[in-house]
file entry.cif (mmCIF, C-alpha atoms (C1' of nucleotides))
data_final
loop_
_atom_site.label_atom_id
_atom_site.label_comp_id
_atom_site.auth_asym_id
_atom_site.auth_seq_id
_atom_site.Cartn_x
_atom_site.Cartn_y
_atom_site.Cartn_z
CA MET A 1 -17.61 -0.23 0.92
CA LEU A 2 -15.69 1.89 -1.51
CA VAL A 3 -12.06 2.62 -0.68
CA ARG A 4 -10.50 5.80 -2.00
CA THR A 5 -8.01 6.92 0.61
CA PRO A 6 -5.70 5.48 3.25
CA ALA A 7 -7.98 6.91 5.91
CA GLU A 8 -10.97 5.08 4.51
CA LEU A 9 -8.99 1.90 4.34
CA GLY A 10 -7.97 2.37 7.94
CA ALA A 11 -11.58 2.80 8.97
CA VAL A 12 -12.57 -0.35 7.15
CA LEU A 13 -9.88 -2.31 8.95
CA ARG A 14 -10.74 -0.92 12.34
CA ASP A 15 -14.45 -1.50 11.99
CA ARG A 16 -13.96 -5.03 10.85
CA ARG A 17 -11.43 -5.77 13.57
CA LYS A 18 -13.89 -4.59 16.19
CA LYS A 19 -16.70 -6.58 14.70
CA LEU A 20 -14.52 -9.63 15.09
CA LYS A 21 -13.69 -8.56 18.65
CA LEU A 22 -9.97 -8.54 18.21
CA ASP A 23 -7.73 -6.12 20.03
CA GLN A 24 -4.84 -4.47 18.23
CA SER A 25 -2.27 -6.76 19.83
CA THR A 26 -3.75 -10.06 18.77
CA PHE A 27 -4.63 -8.63 15.38
CA ALA A 28 -1.05 -7.45 14.93
CA LYS A 29 0.33 -10.86 15.86
CA ARG A 30 -2.07 -12.57 13.52
CA ILE A 31 -0.78 -10.65 10.52
CA GLY A 32 2.81 -10.51 11.65
CA VAL A 33 3.27 -6.82 12.32
CA SER A 34 3.78 -4.67 15.37
CA ARG A 35 0.93 -3.18 17.31
CA GLN A 36 2.37 0.19 16.36
CA TRP A 37 1.75 -0.62 12.75
CA VAL A 38 -1.89 -1.42 13.40
CA ILE A 39 -2.37 1.88 15.20
CA GLU A 40 -0.84 3.90 12.40
CA VAL A 41 -2.68 2.12 9.62
CA GLU A 42 -6.01 2.41 11.35
CA HIS A 43 -5.33 6.11 11.59
CA GLY A 44 -4.85 6.32 7.85
CA HIS A 45 -1.11 6.06 7.44
CA ALA A 46 -0.61 6.76 3.74
CA ARG A 47 2.82 5.24 3.43
CA ALA A 48 2.01 1.83 4.78
CA GLU A 49 3.28 -1.12 2.80
CA LEU A 50 0.90 -2.57 0.27
CA GLY A 51 1.78 -6.15 1.13
CA LEU A 52 1.07 -5.74 4.83
CA ILE A 53 -2.20 -4.02 4.06
CA LEU A 54 -3.30 -6.92 1.91
CA ARG A 55 -2.36 -9.36 4.63
CA ALA A 56 -4.37 -7.38 7.13
CA LEU A 57 -7.41 -7.44 4.86
CA ASP A 58 -7.04 -11.15 4.38
CA ALA A 59 -6.73 -11.76 8.10
CA LEU A 60 -10.07 -10.04 8.56
CA ASP A 61 -11.68 -11.85 5.65
CA ILE A 62 -12.18 -8.67 3.72
CA ARG A 63 -12.33 -9.03 -0.04
CA LEU A 64 -10.88 -6.35 -2.29
CA ASP A 65 -12.47 -5.86 -5.66
CA ALA A 66 -11.07 -3.73 -8.46
CA SER A 67 -13.63 -2.64 -11.00
CA THR A 68 -13.72 -0.26 -13.90
CA GLU A 69 -17.43 0.39 -13.86
CA GLN A 70 -19.15 3.60 -13.06
CA ALA A 71 -16.64 6.34 -13.60
CA PRO A 72 -18.08 8.42 -16.42
CA ALA A 73 -16.28 11.44 -15.08
CA ARG A 74 -12.73 12.02 -16.22
CA GLY A 75 -11.36 11.98 -19.78
CA ALA A 76 -12.44 10.20 -22.88
CA THR A 77 -13.28 6.61 -22.18
CA ARG A 78 -14.32 4.30 -24.95
CA PRO A 79 -12.28 5.71 -27.85
CA ALA A 80 -14.65 3.98 -30.19
CA VAL A 81 -13.53 1.03 -32.26
CA ASP A 82 -9.82 1.20 -32.97
CA ILE A 83 -9.29 -0.85 -36.06
CA ASN A 84 -5.51 -0.48 -35.95
CA ALA A 85 -5.25 -1.92 -32.48
CA ILE A 86 -7.40 -4.85 -33.48
CA VAL A 87 -5.28 -5.61 -36.49
CA ALA A 88 -2.09 -5.29 -34.47
CA LYS A 89 -3.37 -7.65 -31.82
CA ALA A 90 -4.45 -10.21 -34.39
CA ARG A 91 -1.04 -10.06 -35.99
CA LYS A 92 0.72 -10.52 -32.69
CA LYS A 93 -1.26 -13.64 -31.82
CA LYS A 94 -0.29 -15.25 -35.06
CA ALA A 95 3.41 -14.48 -34.53
CA MET B 1 -11.43 -8.46 -10.42
CA LEU B 2 -10.40 -9.74 -7.03
CA VAL B 3 -7.16 -8.44 -5.60
CA ARG B 4 -5.28 -10.62 -3.15
CA THR B 5 -1.61 -9.91 -3.70
CA PRO B 6 0.68 -7.10 -4.80
CA ALA B 7 1.33 -9.01 -8.00
CA GLU B 8 -2.35 -9.16 -8.83
CA LEU B 9 -2.68 -5.49 -8.10
CA GLY B 10 0.23 -4.80 -10.40
CA ALA B 11 -1.39 -6.77 -13.17
CA VAL B 12 -4.63 -4.87 -12.76
CA LEU B 13 -2.80 -1.57 -13.04
CA ARG B 14 -0.81 -2.61 -16.05
CA ASP B 15 -3.77 -4.01 -17.94
CA ARG B 16 -5.82 -0.95 -17.32
CA ARG B 17 -2.97 1.39 -18.25
CA LYS B 18 -2.59 -0.40 -21.55
CA LYS B 19 -6.28 -0.32 -22.22
CA LEU B 20 -6.11 3.42 -21.82
CA LYS B 21 -3.07 3.52 -24.08
CA LEU B 22 -0.79 5.24 -21.66
CA ASP B 23 2.92 4.57 -21.52
CA GLN B 24 4.65 4.28 -18.16
CA SER B 25 6.13 7.75 -18.41
CA THR B 26 2.93 9.67 -18.92
CA PHE B 27 1.17 7.48 -16.41
CA ALA B 28 3.88 8.17 -13.84
CA LYS B 29 3.65 11.91 -14.41
CA ARG B 30 -0.11 11.79 -14.12
CA ILE B 31 0.01 10.31 -10.64
CA GLY B 32 3.13 12.14 -9.55
CA VAL B 33 5.63 9.33 -9.23
CA SER B 34 8.72 8.23 -11.09
CA ARG B 35 8.64 5.85 -14.00
CA GLN B 36 10.75 3.57 -11.87
CA TRP B 37 7.92 3.36 -9.40
CA VAL B 38 5.45 2.34 -12.07
CA ILE B 39 7.75 -0.41 -13.25
CA GLU B 40 8.22 -1.85 -9.80
CA VAL B 41 4.59 -1.69 -8.86
CA GLU B 42 3.46 -3.31 -12.08
CA HIS B 43 5.89 -6.08 -11.27
CA GLY B 44 4.23 -6.63 -7.94
CA HIS B 45 6.37 -4.64 -5.57
CA ALA B 46 5.02 -5.62 -2.16
CA ARG B 47 6.37 -2.68 -0.23
CA ALA B 48 4.90 0.07 -2.35
CA GLU B 49 3.19 2.89 -0.51
CA LEU B 50 -0.51 2.54 -0.02
CA GLY B 51 -1.21 6.18 -0.81
CA LEU B 52 0.56 6.09 -4.15
CA ILE B 53 -1.22 2.88 -5.07
CA LEU B 54 -4.57 4.45 -4.40
CA ARG B 55 -3.63 7.45 -6.51
CA ALA B 56 -2.62 5.17 -9.33
CA LEU B 57 -5.94 3.36 -9.18
CA ASP B 58 -7.79 6.62 -9.19
CA ALA B 59 -5.82 7.91 -12.15
CA LEU B 60 -6.95 4.88 -14.10
CA ASP B 61 -10.55 5.15 -12.91
CA ILE B 62 -10.37 1.87 -11.09
CA ARG B 63 -12.74 1.49 -8.17
CA LEU B 64 -11.70 -0.45 -5.10
CA ASP B 65 -14.39 -2.22 -3.14
CA ALA B 66 -13.94 -3.80 0.25
CA SER B 67 -16.54 -6.40 1.08
CA THR B 68 -17.05 -8.94 3.78
CA GLU B 69 -19.20 -11.29 1.78
CA GLN B 70 -18.34 -14.78 0.77
CA ALA B 71 -15.64 -15.97 3.12
CA PRO B 72 -17.23 -18.81 5.03
CA ALA B 73 -13.81 -20.24 5.66
CA ARG B 74 -11.94 -19.06 8.72
CA GLY B 75 -13.21 -18.86 12.31
CA ALA B 76 -16.59 -18.19 13.86
CA THR B 77 -18.43 -15.44 12.07
CA ARG B 78 -21.80 -14.20 13.25
CA PRO B 79 -21.53 -14.77 16.99
CA ALA B 80 -25.30 -14.49 17.17
CA VAL B 81 -26.96 -11.53 18.85
CA ASP B 82 -24.66 -9.99 21.43
CA ILE B 83 -26.93 -8.21 23.87
CA ASN B 84 -24.03 -6.81 25.88
CA ALA B 85 -22.54 -5.08 22.88
CA ILE B 86 -25.88 -3.57 21.99
CA VAL B 87 -26.41 -2.23 25.46
CA ALA B 88 -22.90 -0.84 25.59
CA LYS B 89 -23.37 0.96 22.30
CA ALA B 90 -26.68 2.45 23.39
CA ARG B 91 -25.11 3.71 26.57
CA LYS B 92 -22.26 5.34 24.75
CA LYS B 93 -24.54 7.27 22.42
CA LYS B 94 -26.39 8.76 25.34
CA ALA B 95 -23.20 9.95 27.04
"C1'" DA C 1 19.13 -2.79 -41.53
"C1'" DG C 2 18.24 1.34 -38.86
"C1'" DC C 3 15.56 4.17 -35.99
"C1'" DC C 4 12.43 5.23 -32.41
"C1'" DT C 5 9.66 4.30 -28.56
"C1'" DA C 6 8.56 1.67 -24.56
"C1'" DT C 7 10.24 -1.00 -21.00
"C1'" DG C 8 13.57 -2.77 -17.84
"C1'" DT C 9 18.06 -2.44 -15.00
"C1'" DC C 10 21.63 -0.44 -12.05
"C1'" DA C 11 23.86 2.44 -8.46
"C1'" DG C 12 23.67 6.15 -5.16
"C1'" DC C 13 21.12 9.05 -1.86
"C1'" DG C 14 18.04 11.29 1.51
"C1'" DA C 15 13.76 10.28 3.72
"C1'" DT C 16 10.90 7.24 6.04
"C1'" DC C 17 9.29 2.67 7.16
"C1'" DG C 18 8.20 -0.72 10.68
"C1'" DA C 19 10.01 -2.99 15.11
"C1'" DT C 20 10.95 -2.48 19.89
"C1'" DG C 21 10.25 -1.07 24.56
"C1'" DA C 22 8.73 2.10 27.98
"C1'" DC C 23 5.34 5.13 29.23
"C1'" DT C 24 0.53 7.71 29.25
"C1'" DT C 25 -4.22 8.11 28.39
"C1'" DT C 26 -8.69 6.23 27.48
"C1'" DT C 27 -12.11 2.72 27.85
"C1'" DT C 28 -14.30 -1.12 30.03
"C1'" DA C 29 -15.76 -3.85 33.77
"C1'" DT C 30 -16.46 -4.76 38.63
"C1'" DA D 1 -14.19 4.36 42.45
"C1'" DT D 2 -10.66 1.60 41.09
"C1'" DA D 3 -8.32 -1.78 38.68
"C1'" DA D 4 -7.36 -3.90 34.31
"C1'" DA D 5 -7.26 -3.86 29.45
"C1'" DA D 6 -6.94 -1.50 25.29
"C1'" DA D 7 -5.37 2.20 22.68
"C1'" DG D 8 -2.17 5.84 21.84
"C1'" DT D 9 2.57 8.32 22.19
"C1'" DC D 10 7.57 8.82 22.00
"C1'" DA D 11 12.41 7.95 20.77
"C1'" DT D 12 15.78 5.00 18.61
"C1'" DC D 13 17.56 2.15 14.88
"C1'" DG D 14 18.52 -0.77 10.80
"C1'" DA D 15 16.36 -1.57 6.42
"C1'" DT D 16 14.20 -0.01 2.45
"C1'" DC D 17 11.46 3.34 -0.03
"C1'" DG D 18 11.05 6.21 -4.17
"C1'" DC D 19 13.83 9.57 -6.99
"C1'" DT D 20 17.39 10.58 -10.26
"C1'" DG D 21 20.08 9.75 -14.30
"C1'" DA D 22 22.44 6.86 -17.28
"C1'" DC D 23 22.48 2.74 -19.71
"C1'" DA D 24 20.44 -1.85 -21.77
"C1'" DT D 25 16.86 -4.55 -24.15
"C1'" DA D 26 12.79 -5.32 -26.69
"C1'" DG D 27 9.31 -4.26 -30.33
"C1'" DG D 28 7.40 -1.88 -34.04
"C1'" DC D 29 7.76 0.83 -38.26
"C1'" DT D 30 9.84 2.44 -42.82
#
call {"tool": "encode", "arguments": {"input": "entry.cif", "output": "structure tokens"}}
result
Amino acid sequence: MLVRTPAELGAVLRDRRKKLKLDQSTFAKRIGVSRQWVIEVEHGHARAELGLILRALDALDIRLDASTEQAPARGATRPAVDINAIVAKARKKKA
Amino acid sequence: MLVRTPAELGAVLRDRRKKLKLDQSTFAKRIGVSRQWVIEVEHGHARAELGLILRALDALDIRLDASTEQAPARGATRPAVDINAIVAKARKKKA
DNA sequence: AGCCTATGTCAGCGATCGATGACTTTTTAT
DNA sequence: ATAAAAAGTCATCGATCGCTGACATAGGCT
């Protein structure tokens, strides 16, 4: 499942929690937050703390993968071979 | 790349930003945050806002994938076929 | 060396987080 | 139908966010 927005993330968490048959209370305790927090996050709270979110995902055995693939849309990717950068990098490694 | 902690997330962002040859300032402007924010997040700030994080990932064309696969560790997964749940679901759809 | 850019640090400030506890509404089960 | 459980709402409060702006360091180039 692709995650683009806080709302999508909330849906992922809720669905998974239900699949595991946890209620919000026990889930909240398991990750060390209040039940209130669970409610808000599941509803897509955009300003939730990153660290708590990651803990919640972990508690539900959800893996998060960051990939660069498949995004041919925006701006110029692949600026072709940049010989200067290569030289600079090589120099740095030596030093 | 698997993301488990705020620090790992920060590293992913930084690496990608550098690959795209953006400095923190222009990157910050692009996602609508302060340079200060970029610094802290790249350093693994655990309490960063989820929404801003997602915007940052998007700005760098990084895809986030949430999967359930490969986590045979913790508790009882796959509680076998749950006939009650299936019936309940069917009922709900009708109503 | 001297300059310039990128990055990192500090202090102050308004806005908002997440916790708590009480209450209401919705859902589930008998 | 009715009782219990789960989910949602509200207000309050201390702690911390992210922003700003100025300054400090670090690296690269001529």
call {"tool": "residues_around", "arguments": {"input": "entry.cif", "residues": "stretch 31-38 of chain B", "least_positions_apart": "5", "cutoff": "12 Å", "atoms": "only C-alpha atoms (C1' of nucleotides)", "output": "PyMOL selection string"}}
result
(chain B and resi 9-11+13-14+17+22-26+43-49+51-61) or (chain C and resi 6-10) or (chain D and resi 17-21)
call {"tool": "atom_distance", "arguments": {"input": "entry.cif", "atom1": "atom CA of B:Thr5", "atom2": "atom CA of A:Ser67"}}
result
15.8 Å
call {"tool": "residues_around", "arguments": {"input": "entry.cif", "residues": "C:DC3", "least_positions_apart": "3", "cutoff": "12 Å", "atoms": "all atoms listed in the file", "output": "list in words"}}
result
DG27, DG28, DC29 and DT30 of chain D
call {"tool": "residues_around", "arguments": {"input": "entry.cif", "residues": "D:DC13", "least_positions_apart": "3", "cutoff": "12 Å", "atoms": "all atoms listed in the file", "output": "JSON, numbers by chain"}}
result
{"C": [17, 18, 19, 20]}
call {"tool": "write_last_selection", "arguments": {"input": "entry.cif", "atoms": "C-alpha atoms (C1' of nucleotides)", "output": "PDB file, in the frame of the given file"}}
result
ATOM      1  C1'  DC C  17       9.290   2.670   7.160  1.00  0.00           C
ATOM      2  C1'  DG C  18       8.200  -0.720  10.680  1.00  0.00           C
ATOM      3  C1'  DA C  19      10.010  -2.990  15.110  1.00  0.00           C
ATOM      4  C1'  DT C  20      10.950  -2.480  19.890  1.00  0.00           C
TER       5       DT C  20
END
call {"tool": "closest_residue", "arguments": {"input": "entry.cif", "among": "C:DT30, C:DT16, C:DT5, C:DT24", "to": "chain A", "atoms": "all atoms listed in the file"}}
result
C:DT16
call {"tool": "closest_residue", "arguments": {"input": "entry.cif", "among": "A:Leu20, A:Val41, A:Arg63, A:Glu69", "to": "chain C", "atoms": "all atoms listed in the file"}}
result
A:Val41
call {"tool": "closest_residue", "arguments": {"input": "entry.cif", "among": "C:DA29, C:DA22, C:DC13, C:DA1", "to": "D:DA5", "atoms": "all atoms listed in the file"}}
result
C:DA29
call {"tool": "decode", "arguments": {"input": "entry.cif", "residues": "chain D", "atoms": "C-alpha atoms (C1' of nucleotides)", "output": "PDB file, in the first residue's frame"}}
result
ATOM      1  C1'  DA D   1     -34.552  -4.606  23.290  1.00  0.00           C
ATOM      2  C1'  DT D   2     -31.013  -3.808  26.250  1.00  0.00           C
ATOM      3  C1'  DA D   3     -26.624  -3.999  28.101  1.00  0.00           C
ATOM      4  C1'  DA D   4     -21.734  -3.771  27.323  1.00  0.00           C
ATOM      5  C1'  DA D   5     -17.869  -2.489  24.668  1.00  0.00           C
ATOM      6  C1'  DA D   6     -15.751   0.383  21.468  1.00  0.00           C
ATOM      7  C1'  DA D   7     -15.257   4.653  19.350  1.00  0.00           C
ATOM      8  C1'  DG D   8     -15.687   9.559  19.370  1.00  0.00           C
ATOM      9  C1'  DT D   9     -16.017  14.399  21.650  1.00  0.00           C
ATOM     10  C1'  DC D  10     -14.766  18.162  24.738  1.00  0.00           C
ATOM     11  C1'  DA D  11     -11.998  21.121  27.786  1.00  0.00           C
ATOM     12  C1'  DT D  12      -7.758  21.868  30.280  1.00  0.00           C
ATOM     13  C1'  DC D  13      -2.764  21.991  30.757  1.00  0.00           C
ATOM     14  C1'  DG D  14       2.323  21.594  30.524  1.00  0.00           C
ATOM     15  C1'  DA D  15       5.649  20.652  26.977  1.00  0.00           C
ATOM     16  C1'  DT D  16       7.366  21.241  22.555  1.00  0.00           C
ATOM     17  C1'  DC D  17       6.768  22.332  17.718  1.00  0.00           C
ATOM     18  C1'  DG D  18       8.394  25.064  13.792  1.00  0.00           C
ATOM     19  C1'  DC D  19       9.573  29.964  12.552  1.00  0.00           C
ATOM     20  C1'  DT D  20      12.593  33.871  12.703  1.00  0.00           C
ATOM     21  C1'  DG D  21      16.990  36.090  12.683  1.00  0.00           C
ATOM     22  C1'  DA D  22      21.569  36.393  13.999  1.00  0.00           C
ATOM     23  C1'  DC D  23      25.740  34.137  14.616  1.00  0.00           C
ATOM     24  C1'  DA D  24      29.314  30.066  14.229  1.00  0.00           C
ATOM     25  C1'  DT D  25      31.688  26.347  11.720  1.00  0.00           C
ATOM     26  C1'  DA D  26      33.006  23.679   7.870  1.00  0.00           C
ATOM     27  C1'  DG D  27      34.379  22.958   2.970  1.00  0.00           C
ATOM     28  C1'  DG D  28      35.511  24.226  -1.524  1.00  0.00           C
ATOM     29  C1'  DC D  29      37.495  27.390  -4.896  1.00  0.00           C
ATOM     30  C1'  DT D  30      40.813  31.025  -6.767  1.00  0.00           C
TER      31       DT D  30
END
